[in-house]
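Data file: structure_2.txt. Format and content: compact mmCIF, C-alpha atoms and all ligand atoms.
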# COMPACT_ATOMS: atom_id res chain seq x y z
CA MET P 24 97.20 71.34 122.34
CA LYS P 25 99.40 73.01 119.69
CA THR P 26 97.54 75.64 117.68
CA ALA P 27 97.90 75.66 113.88
CA PRO P 28 98.97 78.95 112.24
CA THR P 29 96.00 81.01 111.08
CA LYS P 30 95.31 84.17 109.12
CA THR P 31 92.96 86.57 110.90
CA VAL P 32 90.45 88.88 109.24
CA THR P 33 88.48 91.26 111.46
CA VAL P 34 84.90 92.27 110.79
CA ASP P 35 84.87 95.82 112.07
CA LEU P 36 81.49 96.59 113.66
CA ALA P 37 82.38 98.64 116.75
CA GLU P 38 81.29 96.70 119.86
CA ARG P 39 80.09 93.80 117.70
CA SER P 40 83.44 93.35 115.91
CA TYR P 41 84.77 89.82 115.60
CA ASP P 42 87.63 87.83 114.17
CA ILE P 43 87.60 85.28 111.38
CA ARG P 44 90.46 82.82 111.90
CA ILE P 45 91.49 80.88 108.80
CA GLY P 46 93.95 78.03 108.31
CA ALA P 47 94.58 74.36 107.69
CA GLY P 48 94.13 72.67 111.07
CA ALA P 49 92.62 75.80 112.66
CA LEU P 50 90.13 73.60 114.53
CA SER P 51 92.87 72.70 117.02
CA GLY P 52 92.77 76.34 118.20
CA LEU P 53 89.02 76.43 118.79
CA GLY P 54 89.21 75.97 122.57
CA GLU P 55 91.74 78.76 123.00
CA ALA P 56 89.74 81.06 120.71
CA LEU P 57 86.56 80.39 122.71
CA ARG P 58 88.31 81.14 125.99
CA ALA P 59 89.12 84.58 124.58
CA ILE P 60 85.46 85.45 124.00
CA THR P 61 83.56 83.73 126.82
CA THR P 62 83.97 82.63 130.41
CA SER P 63 81.32 79.92 130.04
CA ASP P 64 82.55 76.35 129.59
CA ARG P 65 79.31 75.09 128.03
CA VAL P 66 79.04 74.72 124.27
CA ALA P 67 76.08 73.52 122.20
CA VAL P 68 77.37 72.23 118.88
CA VAL P 69 74.62 72.15 116.26
CA THR P 70 75.56 70.07 113.23
CA ASP P 71 74.05 67.82 110.58
CA GLU P 72 74.28 64.04 110.24
CA THR P 73 76.82 64.11 107.40
CA VAL P 74 79.18 66.56 109.08
CA HIS P 75 78.79 64.77 112.40
CA ALA P 76 79.73 61.42 110.84
CA LEU P 77 82.79 62.91 109.11
CA HIS P 78 84.08 65.47 111.60
CA GLY P 79 82.13 65.05 114.87
CA ALA P 80 85.08 63.39 116.60
CA ALA P 81 87.44 66.21 115.53
CA ILE P 82 85.29 68.97 117.00
CA ALA P 83 84.66 66.96 120.16
CA GLU P 84 88.43 66.66 120.59
CA ALA P 85 88.93 70.39 119.93
CA LEU P 86 86.38 71.10 122.68
CA ALA P 87 87.69 68.46 125.11
CA ASP P 88 88.11 71.07 127.87
CA PHE P 89 84.48 72.24 127.56
CA ARG P 90 81.16 70.73 128.61
CA THR P 91 79.92 70.03 125.10
CA HIS P 92 76.48 68.96 123.92
CA MET P 93 76.19 67.74 120.33
CA PHE P 94 72.82 68.37 118.65
CA VAL P 95 72.67 66.50 115.35
CA ARG P 96 70.04 67.47 112.79
CA PRO P 97 69.21 65.80 109.47
CA GLN P 98 70.96 67.46 106.54
CA GLY P 99 69.21 69.62 103.96
CA GLU P 100 67.44 72.91 103.33
CA ALA P 101 64.23 71.60 104.98
CA GLN P 102 65.93 72.18 108.35
CA LYS P 103 65.66 75.93 107.77
CA SER P 104 62.04 75.82 108.94
CA MET P 105 59.92 76.53 112.00
CA GLY P 106 60.19 72.81 112.82
CA GLY P 107 63.99 72.90 112.58
CA LEU P 108 64.16 76.05 114.70
CA ASP P 109 61.87 74.57 117.31
CA ALA P 110 63.97 71.42 117.50
CA VAL P 111 67.21 73.37 118.10
CA LEU P 112 65.60 75.62 120.72
CA ASP P 113 64.04 72.61 122.43
CA SER P 114 67.45 70.91 122.65
CA LEU P 115 68.96 74.05 124.24
CA PHE P 116 66.18 74.34 126.82
CA ARG P 117 66.20 70.63 127.67
CA ALA P 118 69.96 70.68 128.21
CA GLY P 119 69.58 73.74 130.50
CA PHE P 120 71.59 76.22 128.45
CA ASP P 121 71.86 79.86 129.53
CA ARG P 122 72.27 83.00 127.47
CA GLY P 123 75.95 83.26 128.38
CA ASP P 124 76.69 79.77 127.01
CA THR P 125 77.95 79.26 123.48
CA VAL P 126 75.83 78.07 120.57
CA LEU P 127 78.14 76.86 117.82
CA ALA P 128 77.15 76.12 114.21
CA PHE P 129 79.25 73.29 112.76
CA GLY P 130 78.19 72.71 109.17
CA GLY P 131 77.32 74.38 105.89
CA GLY P 132 75.10 77.38 105.26
CA VAL P 133 71.96 75.52 106.29
CA ILE P 134 73.27 74.74 109.78
CA GLY P 135 74.80 78.23 110.03
CA ASP P 136 71.59 80.04 109.11
CA LEU P 137 69.41 77.84 111.33
CA THR P 138 71.74 77.89 114.33
CA GLY P 139 72.41 81.61 114.04
CA PHE P 140 68.73 82.40 114.04
CA ALA P 141 68.13 80.03 116.98
CA ALA P 142 71.01 81.72 118.88
CA SER P 143 69.53 85.15 118.14
CA VAL P 144 66.19 84.32 119.75
CA PHE P 145 67.31 81.93 122.51
CA LYS P 146 66.72 83.90 125.73
CA ARG P 147 67.03 87.05 123.55
CA GLY P 148 70.47 86.15 122.28
CA ALA P 149 73.15 83.59 123.16
CA THR P 150 76.85 83.75 122.29
CA PHE P 151 77.08 82.54 118.70
CA VAL P 152 80.10 81.00 116.98
CA GLN P 153 80.46 79.72 113.42
CA VAL P 154 82.71 76.84 112.39
CA PRO P 155 81.72 76.50 108.71
CA THR P 156 82.43 73.24 106.87
CA THR P 157 81.47 73.95 103.23
CA LEU P 158 83.40 76.26 100.92
CA LEU P 159 80.25 78.36 100.43
CA ALA P 160 79.84 78.77 104.17
CA GLN P 161 83.56 79.52 104.66
CA VAL P 162 83.61 82.35 102.12
CA ASP P 163 80.10 83.69 102.42
CA SER P 164 77.31 82.57 104.73
CA SER P 165 79.29 82.34 108.00
CA VAL P 166 80.40 85.98 107.73
CA GLY P 167 78.15 89.00 107.99
CA GLY P 168 75.42 88.06 110.44
CA LYS P 169 72.52 87.21 108.15
CA THR P 170 70.57 84.35 109.72
CA ALA P 171 67.23 83.00 108.56
CA ILE P 172 64.80 80.19 108.01
CA ASN P 173 62.37 79.69 105.12
CA ASN P 174 58.57 79.59 105.16
CA ALA P 175 55.72 79.00 102.73
CA TYR P 176 56.19 82.50 101.29
CA GLY P 177 59.81 82.02 100.31
CA LYS P 178 63.45 81.56 101.25
CA ASN P 179 65.12 83.38 104.15
CA LEU P 180 62.00 85.43 104.92
CA VAL P 181 62.07 84.89 108.70
CA GLY P 182 65.37 85.87 110.23
CA ALA P 183 67.60 88.35 111.98
CA PHE P 184 70.88 90.17 111.59
CA TYR P 185 72.86 88.50 114.36
CA GLN P 186 76.65 88.60 114.26
CA PRO P 187 78.76 85.71 115.52
CA ARG P 188 81.42 86.42 118.14
CA LEU P 189 83.94 84.31 116.25
CA VAL P 190 84.24 82.53 112.91
CA LEU P 191 86.80 79.74 112.81
CA ILE P 192 87.60 78.33 109.36
CA ASP P 193 89.55 75.09 109.08
CA THR P 194 90.28 74.47 105.40
CA GLU P 195 91.12 70.81 106.11
CA LEU P 196 87.43 70.16 106.73
CA LEU P 197 86.88 70.75 103.00
CA GLN P 198 88.85 67.64 102.02
CA THR P 199 85.65 65.56 102.43
CA LEU P 200 83.40 67.98 100.52
CA PRO P 201 81.95 66.60 97.25
CA ALA P 202 83.36 68.31 94.11
CA ARG P 203 79.95 69.73 93.18
CA GLN P 204 79.74 71.53 96.53
CA VAL P 205 83.30 72.85 96.11
CA LYS P 206 82.35 74.38 92.77
CA ALA P 207 79.21 75.90 94.29
CA GLY P 208 81.44 77.68 96.82
CA TYR P 209 83.85 78.81 94.11
CA ALA P 210 81.09 80.85 92.48
CA GLU P 211 80.99 83.08 95.56
CA ILE P 212 84.80 83.41 95.54
CA VAL P 213 85.06 84.54 91.93
CA LYS P 214 82.17 86.92 92.64
CA TYR P 215 84.37 88.98 95.00
CA GLY P 216 86.97 89.47 92.24
CA LEU P 217 84.30 90.45 89.77
CA ILE P 218 82.66 92.97 92.13
CA ASP P 219 85.64 95.19 92.88
CA ARG P 220 88.91 93.21 93.05
CA PRO P 221 90.11 92.80 89.47
CA GLU P 222 93.58 91.73 90.64
CA PHE P 223 91.95 88.86 92.56
CA PHE P 224 90.09 87.78 89.43
CA GLU P 225 93.40 87.86 87.51
CA ALA P 226 95.02 85.63 90.15
CA LEU P 227 92.07 83.22 90.06
CA ASP P 228 92.26 83.09 86.28
CA ALA P 229 96.03 82.59 86.34
CA GLY P 230 95.77 79.37 88.37
CA LEU P 231 94.53 80.17 91.85
CA GLY P 232 91.02 79.12 90.79
CA ALA P 233 92.22 75.71 89.61
CA GLY P 234 94.15 75.32 92.89
CA ILE P 235 91.00 76.03 94.90
CA LEU P 236 88.95 73.48 92.97
CA SER P 237 91.62 70.85 93.58
CA LEU P 238 91.62 71.79 97.28
CA GLU P 239 95.29 72.85 97.50
CA PRO P 240 95.77 74.06 101.09
CA ASP P 241 97.68 77.27 100.25
CA ALA P 242 95.24 78.22 97.47
CA LEU P 243 92.31 77.64 99.82
CA SER P 244 93.73 79.64 102.75
CA SER P 245 94.74 82.56 100.60
CA ALA P 246 91.50 82.75 98.57
CA ILE P 247 89.29 82.24 101.63
CA ALA P 248 91.14 85.02 103.47
CA THR P 249 90.74 87.39 100.49
CA SER P 250 87.05 86.48 100.17
CA CYS P 251 86.36 86.97 103.88
CA ALA P 252 88.24 90.30 103.82
CA ALA P 253 86.13 91.40 100.83
CA LYS P 254 82.91 90.44 102.58
CA ALA P 255 84.05 91.93 105.91
CA SER P 256 84.85 95.23 104.22
CA VAL P 257 81.36 95.49 102.71
CA VAL P 258 79.58 94.34 105.89
CA SER P 259 81.57 96.82 108.00
CA ARG P 260 80.34 99.65 105.77
CA ASP P 261 76.74 98.46 105.45
CA GLU P 262 75.73 95.85 108.02
CA ARG P 263 72.02 95.83 107.19
CA GLU P 264 72.11 96.11 103.41
CA GLY P 265 70.97 99.70 103.10
CA GLY P 266 73.43 100.36 100.28
CA VAL P 267 76.74 98.90 99.19
CA ARG P 268 76.06 95.41 100.66
CA ALA P 269 73.68 94.83 97.74
CA LEU P 270 76.80 94.48 95.53
CA LEU P 271 77.33 91.07 97.13
CA ASN P 272 74.27 90.00 95.16
CA LEU P 273 76.15 90.12 91.83
CA GLY P 274 74.56 87.33 89.76
CA HIS P 275 72.03 86.55 92.48
CA THR P 276 68.88 88.07 90.94
CA PHE P 277 69.35 85.90 87.86
CA ALA P 278 70.33 82.99 90.13
CA HIS P 279 67.21 83.23 92.29
CA ALA P 280 65.00 83.13 89.18
CA LEU P 281 66.84 80.00 88.00
CA GLU P 282 66.55 78.41 91.45
CA LEU P 283 62.81 79.06 91.54
CA GLU P 284 62.49 77.36 88.16
CA ALA P 285 64.61 74.41 89.30
CA GLY P 286 62.84 74.01 92.65
CA TYR P 287 64.92 73.42 95.76
CA GLY P 288 65.23 69.65 95.39
CA GLY P 289 68.95 69.52 94.51
CA ALA P 290 68.65 69.79 90.70
CA LEU P 291 70.48 73.13 90.91
CA LEU P 292 72.63 74.16 93.87
CA HIS P 293 72.60 77.82 94.92
CA GLY P 294 76.26 78.25 93.95
CA GLU P 295 75.67 76.66 90.55
CA ALA P 296 72.87 79.14 89.93
CA VAL P 297 75.15 81.98 91.11
CA SER P 298 77.88 80.92 88.68
CA ALA P 299 75.41 81.04 85.78
CA GLY P 300 73.87 84.23 87.18
CA ILE P 301 77.25 85.98 87.21
CA ASP P 302 77.73 85.02 83.57
CA MET P 303 74.24 86.39 82.82
CA ALA P 304 74.91 89.66 84.67
CA TYR P 305 78.04 90.19 82.52
CA GLN P 306 76.30 89.16 79.30
CA PHE P 307 73.36 91.47 80.01
CA SER P 308 75.69 94.35 80.94
CA ALA P 309 77.51 93.88 77.61
CA ARG P 310 74.23 93.70 75.72
CA ILE P 311 73.02 97.05 77.06
CA GLY P 312 76.43 98.57 76.34
CA VAL P 313 77.68 99.33 79.86
CA CYS P 314 80.41 96.67 79.76
CA SER P 315 82.62 95.51 76.88
CA ALA P 316 81.80 92.26 75.10
CA ALA P 317 85.44 91.30 75.63
CA ASP P 318 85.09 91.46 79.44
CA ALA P 319 81.86 89.45 79.37
CA SER P 320 83.60 86.83 77.21
CA ARG P 321 86.59 86.69 79.56
CA VAL P 322 84.31 85.95 82.50
CA ARG P 323 82.50 83.24 80.55
CA ASP P 324 85.82 81.75 79.39
CA HIS P 325 87.12 81.68 82.96
CA LEU P 326 84.03 79.87 84.23
CA GLN P 327 84.07 77.40 81.34
CA LYS P 328 87.80 76.72 81.78
CA LEU P 329 87.02 75.55 85.33
CA ALA P 330 83.91 73.63 84.24
CA MET P 331 81.74 76.05 86.22
CA PRO P 332 78.12 76.48 85.05
CA THR P 333 77.25 79.39 82.73
CA GLN P 334 73.97 80.50 81.20
CA LEU P 335 74.63 77.95 78.44
CA ASP P 336 74.23 75.10 80.97
CA MET P 337 70.91 76.41 82.29
CA LEU P 338 68.70 75.37 79.35
CA PRO P 339 66.46 73.11 81.48
CA PHE P 340 65.56 76.13 83.64
CA LEU P 341 65.27 78.69 80.83
CA LYS P 342 61.83 77.83 79.48
CA ASP P 343 59.74 80.95 79.70
CA ALA P 344 61.03 84.54 79.72
CA ASP P 345 57.86 85.99 81.29
CA THR P 346 58.03 83.56 84.20
CA LEU P 347 61.70 84.40 84.81
CA LEU P 348 60.96 88.12 84.67
CA GLY P 349 58.11 87.54 87.13
CA HIS P 350 60.56 85.85 89.52
CA MET P 351 62.99 88.76 89.16
CA ARG P 352 60.21 91.23 90.01
CA GLN P 353 59.80 89.44 93.39
CA ASP P 354 63.43 89.99 94.43
CA LYS P 355 63.93 91.40 97.95
CA LYS P 356 66.30 94.13 96.67
CA ASN P 357 63.61 95.75 94.50
CA ALA P 358 61.96 98.99 95.57
CA GLY P 359 59.30 101.25 94.10
CA GLY P 360 58.12 98.64 91.61
CA ARG P 361 61.47 98.70 89.74
CA ILE P 362 63.87 95.78 89.36
CA THR P 363 67.25 96.31 91.03
CA LEU P 364 70.12 94.49 89.33
CA ILE P 365 73.82 94.35 90.08
CA LEU P 366 75.42 95.17 86.75
CA THR P 367 79.01 95.83 85.79
CA ARG P 368 81.11 98.31 83.80
CA ALA P 369 84.15 96.01 83.61
CA ILE P 370 85.82 93.13 85.41
CA GLY P 371 85.89 94.28 89.02
CA ALA P 372 83.60 97.26 88.48
CA ALA P 373 80.12 96.13 89.56
CA TYR P 374 77.45 98.70 90.42
CA ILE P 375 73.91 98.76 91.72
CA GLU P 376 71.32 99.58 89.03
CA ARG P 377 68.14 100.49 90.91
CA GLU P 378 66.09 101.03 87.76
CA ALA P 379 66.96 98.20 85.43
CA ASP P 380 65.63 98.58 81.89
CA GLU P 381 62.81 96.02 81.98
CA SER P 382 62.19 95.90 78.27
CA ALA P 383 65.90 95.24 77.56
CA LEU P 384 65.83 92.59 80.28
CA ALA P 385 62.70 90.99 78.79
CA ASP P 386 64.35 90.92 75.33
CA TYR P 387 67.51 89.35 76.76
CA LEU P 388 65.53 86.68 78.59
CA LYS P 389 63.47 85.93 75.46
CA ASP P 390 66.67 85.42 73.48
CA ILE P 391 68.18 82.95 75.94
CA CYS P 392 65.01 80.99 76.64
CA THR P 393 64.45 77.88 74.59
N1 LIG R 1 73.50 83.85 105.70
C1 LIG R 1 74.04 84.15 104.55
O1 LIG R 1 74.61 85.23 104.37
C2 LIG R 1 73.98 83.14 103.43
C3 LIG R 1 74.72 83.37 102.25
C4 LIG R 1 74.69 82.39 101.27
C5 LIG R 1 73.94 81.23 101.45
N2 LIG R 1 73.22 81.06 102.59
C6 LIG R 1 72.43 79.85 102.82
O2 LIG R 1 73.35 78.75 102.87
C7 LIG R 1 72.64 77.56 102.52
C8 LIG R 1 73.49 76.74 101.59
O3 LIG R 1 74.68 76.42 102.28
P1 LIG R 1 75.63 75.24 101.78
O4 LIG R 1 75.84 75.37 100.32
O5 LIG R 1 76.80 75.21 102.69
O6 LIG R 1 74.69 73.96 101.93
P2 LIG R 1 74.48 72.89 103.11
O7 LIG R 1 74.63 73.46 104.43
O8 LIG R 1 73.21 72.18 102.78
O9 LIG R 1 75.68 71.87 102.85
C9 LIG R 1 75.76 71.19 101.63
C10 LIG R 1 75.97 69.69 101.86
O10 LIG R 1 77.32 69.44 102.22
C11 LIG R 1 77.37 68.61 103.38
N3 LIG R 1 78.61 68.97 104.07
C12 LIG R 1 78.85 70.07 104.83
N4 LIG R 1 80.15 70.10 105.17
C13 LIG R 1 80.73 69.01 104.65
C14 LIG R 1 82.05 68.50 104.65
N5 LIG R 1 83.06 69.17 105.23
N6 LIG R 1 82.28 67.33 104.00
C15 LIG R 1 81.28 66.67 103.35
N7 LIG R 1 80.02 67.11 103.30
C16 LIG R 1 79.75 68.27 103.95
C17 LIG R 1 76.10 68.92 104.13
O11 LIG R 1 75.73 67.86 104.98
C18 LIG R 1 75.11 69.08 102.98
O12 LIG R 1 74.65 67.84 102.55
C19 LIG R 1 71.31 78.01 101.91
O13 LIG R 1 70.29 77.75 102.83
C20 LIG R 1 71.48 79.49 101.71
O14 LIG R 1 70.26 80.19 101.82
C21 LIG R 1 73.23 81.99 103.57

Please rewrite the model in this file as structure tokens.
Amino acid sequence: MKTAPTKTVTVDLAERSYDIRIGAGALSGLGEALRAITTSDRVAVVTDETVHALHGAAIAEALADFRTHMFVRPQGEAQKSMGGLDAVLDSLFRAGFDRGDTVLAFGGGVIGDLTGFAASVFKRGATFVQVPTTLLAQVDSSVGGKTAINNAYGKNLVGAFYQPRLVLIDTELLQTLPARQVKAGYAEIVKYGLIDRPEFFEALDAGLGAGILSLEPDALSSAIATSCAAKASVVSRDEREGGVRALLNLGHTFAHALELEAGYGGALLHGEAVSAGIDMAYQFSARIGVCSAADASRVRDHLQKLAMPTQLDMLPFLKDADTLLGHMRQDKKNAGGRITLILTRAIGAAYIEREADESALADYLKDICT
């Protein structure tokens, strides 16, 4: 089978380094890429019902030379649970998989997180491969090795750092993704520009962003490669989030508070909350005088130009400032009873503020709550 041209980004983690292969039609090179990392010819593909219906035949064809088992789960966040984990592990045991066989996640972030965690604990660790099918998963969740399920105490609280051996990104798979999900992924793309790549933000603002949202193949490949390189660079320096990796949470502390208010029933997607959270991080930075009002306005204008959510669209979830502050106090990044926030000095100049000014934050939240 002819292999489509791909861009390759390497996540540099010594003996756990791996390649991210990106391109339109990259799926046709999956078999060859697997042969390079494993001698086993058995592959467990874990996917969800939606992705299976749309793209199951394509991945089966790409793996025609392998003994492939397809494990199809219902779609949705509820799969990231003990029940979901048990079901995946049970399928692997029943089909007689060994540790040297490949466990492949074929879906969005839910399937990636669930399958990655299952792979990490299956016989103490099976070969894990990611073939992400949402924009969010292609630019964020499939790279970096965070895997997790949720429990009654919160999201992503049971998990492991477990790196894949390969990430293969076929941008053509995105052609079936609903527009709302595309926008949710875009929030994570613009985030990389706003953290420390101002020239990337300029390119997004000058038209690349619009190209991504209309799923232009060249715009997708180029922006996904830049995003994966940005994430790979941070992960290579700080695999387990002891320091600089926290920058990837730009907008996320605000976003998590909004998501808790919205519940996880689909009223607010994670990426939609992140888009608004990024706007809030810039607005708050301007308010406390560390960033110019002009930069905060530019970020808001960019998001609004692309019909991305900002704080102004979050009114249904901005009811009570004390409740939001309470949610922000629970954030996993916090330490020593202080709220950690990712703030910014300019476009592309984000920094970690380990002792956020709580009274300024409370005032800001009071002002934006209805
Ligand atoms: N591990 C990490 O570093 C990390 C980072 C960010 C987010 N996450 C996790 O990712 C999850 C969210 O991921 P998501 O936004 O991809 O959601 P998701 O996996 O639920 O996918 C969203 C929806 O799109 C559908 N879908 C997937 N691919 C499709 C395609 N090509 N065409 C049409 N429909 C398709 C899915 O069936 C689902 O209904 C959350 O659980 C979040 O916690 C993890």

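Residue nearest Ala285 of chain P, chosen from P:Leu191, P:Glu222, P:Gly131, P:Leu347 and counting all atoms listed in the file: P:Leu347.
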
Per residue of chain P within 6 Å of ligand LIG 1 (chain R), what are the shortest atom pair and its distance in Å to one decimal, counting only C-alpha atoms and all ligand atoms, with rows by chain and residue number, as CSV?
residue,atom,partner,partner_atom,distance
P:Asp71,CA,R:LIG1,O11,5.8
P:Thr73,CA,R:LIG1,O11,4.6
P:Val74,CA,R:LIG1,C13,5.3
P:Gln98,CA,R:LIG1,O11,5.0
P:Gly99,CA,R:LIG1,O8,4.9
P:Glu100,CA,R:LIG1,O13,5.6
P:Gly130,CA,R:LIG1,C12,5.1
P:Gly131,CA,R:LIG1,O7,3.2
P:Gly132,CA,R:LIG1,O3,3.2
P:Val133,CA,R:LIG1,O7,3.9
P:Ile134,CA,R:LIG1,O7,5.7
P:Asp136,CA,R:LIG1,N1,5.5
P:Thr156,CA,R:LIG1,N4,4.2
P:Thr157,CA,R:LIG1,N4,4.5
P:Leu159,CA,R:LIG1,O5,5.2
P:Ala160,CA,R:LIG1,O5,4.9
P:Asp163,CA,R:LIG1,C3,5.4
P:Ser164,CA,R:LIG1,C2,3.6
P:Lys169,CA,R:LIG1,N1,4.3
P:Thr170,CA,R:LIG1,N1,5.0
P:Leu196,CA,R:LIG1,N5,4.7
P:Leu197,CA,R:LIG1,N5,4.7
P:Thr199,CA,R:LIG1,N6,4.1
P:Leu200,CA,R:LIG1,N6,3.7

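Atom CA of Asn179 of chain P sits 13.5 Å away from atom CA of Gly107 of chain P.
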
Could you pull the residues within 9 Å of Gly46 of chain P, counting all atoms listed in the file, minus those fewer than 2 positions along the same chain, as a ChimeraX atom specification? /P:27-31,44,48-50,191-195,240-241,243-245,248

Keeping only C-alpha atoms, take the residues you just selected and write them out as a PDB file, in the frame of the given file.
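And here is the file that came out, part.pdb:
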ATOM      1  CA  ALA P  27      97.900  75.660 113.880  1.00  0.00           C
ATOM      2  CA  PRO P  28      98.970  78.950 112.240  1.00  0.00           C
ATOM      3  CA  THR P  29      96.000  81.010 111.080  1.00  0.00           C
ATOM      4  CA  LYS P  30      95.310  84.170 109.120  1.00  0.00           C
ATOM      5  CA  THR P  31      92.960  86.570 110.900  1.00  0.00           C
ATOM      6  CA  ARG P  44      90.460  82.820 111.900  1.00  0.00           C
ATOM      7  CA  GLY P  48      94.130  72.670 111.070  1.00  0.00           C
ATOM      8  CA  ALA P  49      92.620  75.800 112.660  1.00  0.00           C
ATOM      9  CA  LEU P  50      90.130  73.600 114.530  1.00  0.00           C
ATOM     10  CA  LEU P 191      86.800  79.740 112.810  1.00  0.00           C
ATOM     11  CA  ILE P 192      87.600  78.330 109.360  1.00  0.00           C
ATOM     12  CA  ASP P 193      89.550  75.090 109.080  1.00  0.00           C
ATOM     13  CA  THR P 194      90.280  74.470 105.400  1.00  0.00           C
ATOM     14  CA  GLU P 195      91.120  70.810 106.110  1.00  0.00           C
ATOM     15  CA  PRO P 240      95.770  74.060 101.090  1.00  0.00           C
ATOM     16  CA  ASP P 241      97.680  77.270 100.250  1.00  0.00           C
ATOM     17  CA  LEU P 243      92.310  77.640  99.820  1.00  0.00           C
ATOM     18  CA  SER P 244      93.730  79.640 102.750  1.00  0.00           C
ATOM     19  CA  SER P 245      94.740  82.560 100.600  1.00  0.00           C
ATOM     20  CA  ALA P 248      91.140  85.020 103.470  1.00  0.00           C
TER      21      ALA P 248
END

Quick check, in Å to one decimal: how far apart do atom CA of Ala369 of chain P and atom CA of Lys214 of chain P lie? 13.0 Å

Taking the point (76.6, 94.8, 111.1) as given in the file, collect each protein or nucleic acid residue that comes within 12 Å of it, counting all atoms listed in the file, and present the set as a VMD selection string. chain P and resid 34 to 41 166 to 169 183 to 188 254 to 265 268

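Take the candidates P:Phe340, P:Phe120, P:Tyr387, P:Tyr305 and check each one against Tyr374 of chain P using only C-alpha atoms; the shortest distance goes to P:Tyr305.
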
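Distances here use all atoms listed in the file; by that measure, the residue among P:Arg352, P:Lys206, P:Arg90, P:Arg361 closest to Ser298 of chain P is P:Lys206.
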
Among listed residues P:Ala118, P:Cys314, P:Leu326, P:Cys251, nearest Ala207 of chain P (using only C-alpha atoms):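 Using only C-alpha atoms, Ala207 of chain P sits closest to P:Leu326.
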
How would segment 74-89 of chain P read, as a short mmCIF file (atom, residue, chain, number, x, y, z; two decimals), in the coordinates of the input, once N, CA and C atoms are built in?
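Listed below is the output, out_37.cif:
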data_model
loop_
_atom_site.label_atom_id
_atom_site.label_comp_id
_atom_site.auth_asym_id
_atom_site.auth_seq_id
_atom_site.Cartn_x
_atom_site.Cartn_y
_atom_site.Cartn_z
N VAL P 74 78.00 65.92 108.49
CA VAL P 74 79.18 66.56 109.08
C VAL P 74 79.55 65.86 110.39
N HIS P 75 78.52 65.47 111.14
CA HIS P 75 78.79 64.77 112.40
C HIS P 75 79.54 63.47 112.14
N ALA P 76 79.07 62.71 111.13
CA ALA P 76 79.73 61.42 110.84
C ALA P 76 81.18 61.64 110.42
N LEU P 77 81.44 62.69 109.66
CA LEU P 77 82.79 62.91 109.11
C LEU P 77 83.73 63.61 110.10
N HIS P 78 83.19 64.58 110.83
CA HIS P 78 84.08 65.47 111.60
C HIS P 78 83.64 65.66 113.06
N GLY P 79 82.62 64.90 113.49
CA GLY P 79 82.13 65.05 114.87
C GLY P 79 83.23 64.77 115.90
N ALA P 80 84.03 63.75 115.64
CA ALA P 80 85.08 63.39 116.60
C ALA P 80 86.12 64.52 116.69
N ALA P 81 86.41 65.15 115.55
CA ALA P 81 87.44 66.21 115.53
C ALA P 81 86.99 67.41 116.35
N ILE P 82 85.71 67.79 116.23
CA ILE P 82 85.29 68.97 117.00
C ILE P 82 85.14 68.61 118.48
N ALA P 83 84.75 67.38 118.75
CA ALA P 83 84.66 66.96 120.16
C ALA P 83 86.04 67.03 120.80
N GLU P 84 87.06 66.62 120.06
CA GLU P 84 88.43 66.66 120.59
C GLU P 84 88.88 68.11 120.78
N ALA P 85 88.53 68.98 119.82
CA ALA P 85 88.93 70.39 119.93
C ALA P 85 88.27 71.06 121.14
N LEU P 86 87.12 70.51 121.55
CA LEU P 86 86.38 71.10 122.68
C LEU P 86 86.49 70.23 123.94
N ALA P 87 87.56 69.44 124.01
CA ALA P 87 87.69 68.46 125.11
C ALA P 87 87.64 69.14 126.48
N ASP P 88 88.08 70.40 126.57
CA ASP P 88 88.11 71.07 127.87
C ASP P 88 86.78 71.74 128.21
N PHE P 89 85.78 71.60 127.34
CA PHE P 89 84.48 72.24 127.56
C PHE P 89 83.42 71.19 127.83
#
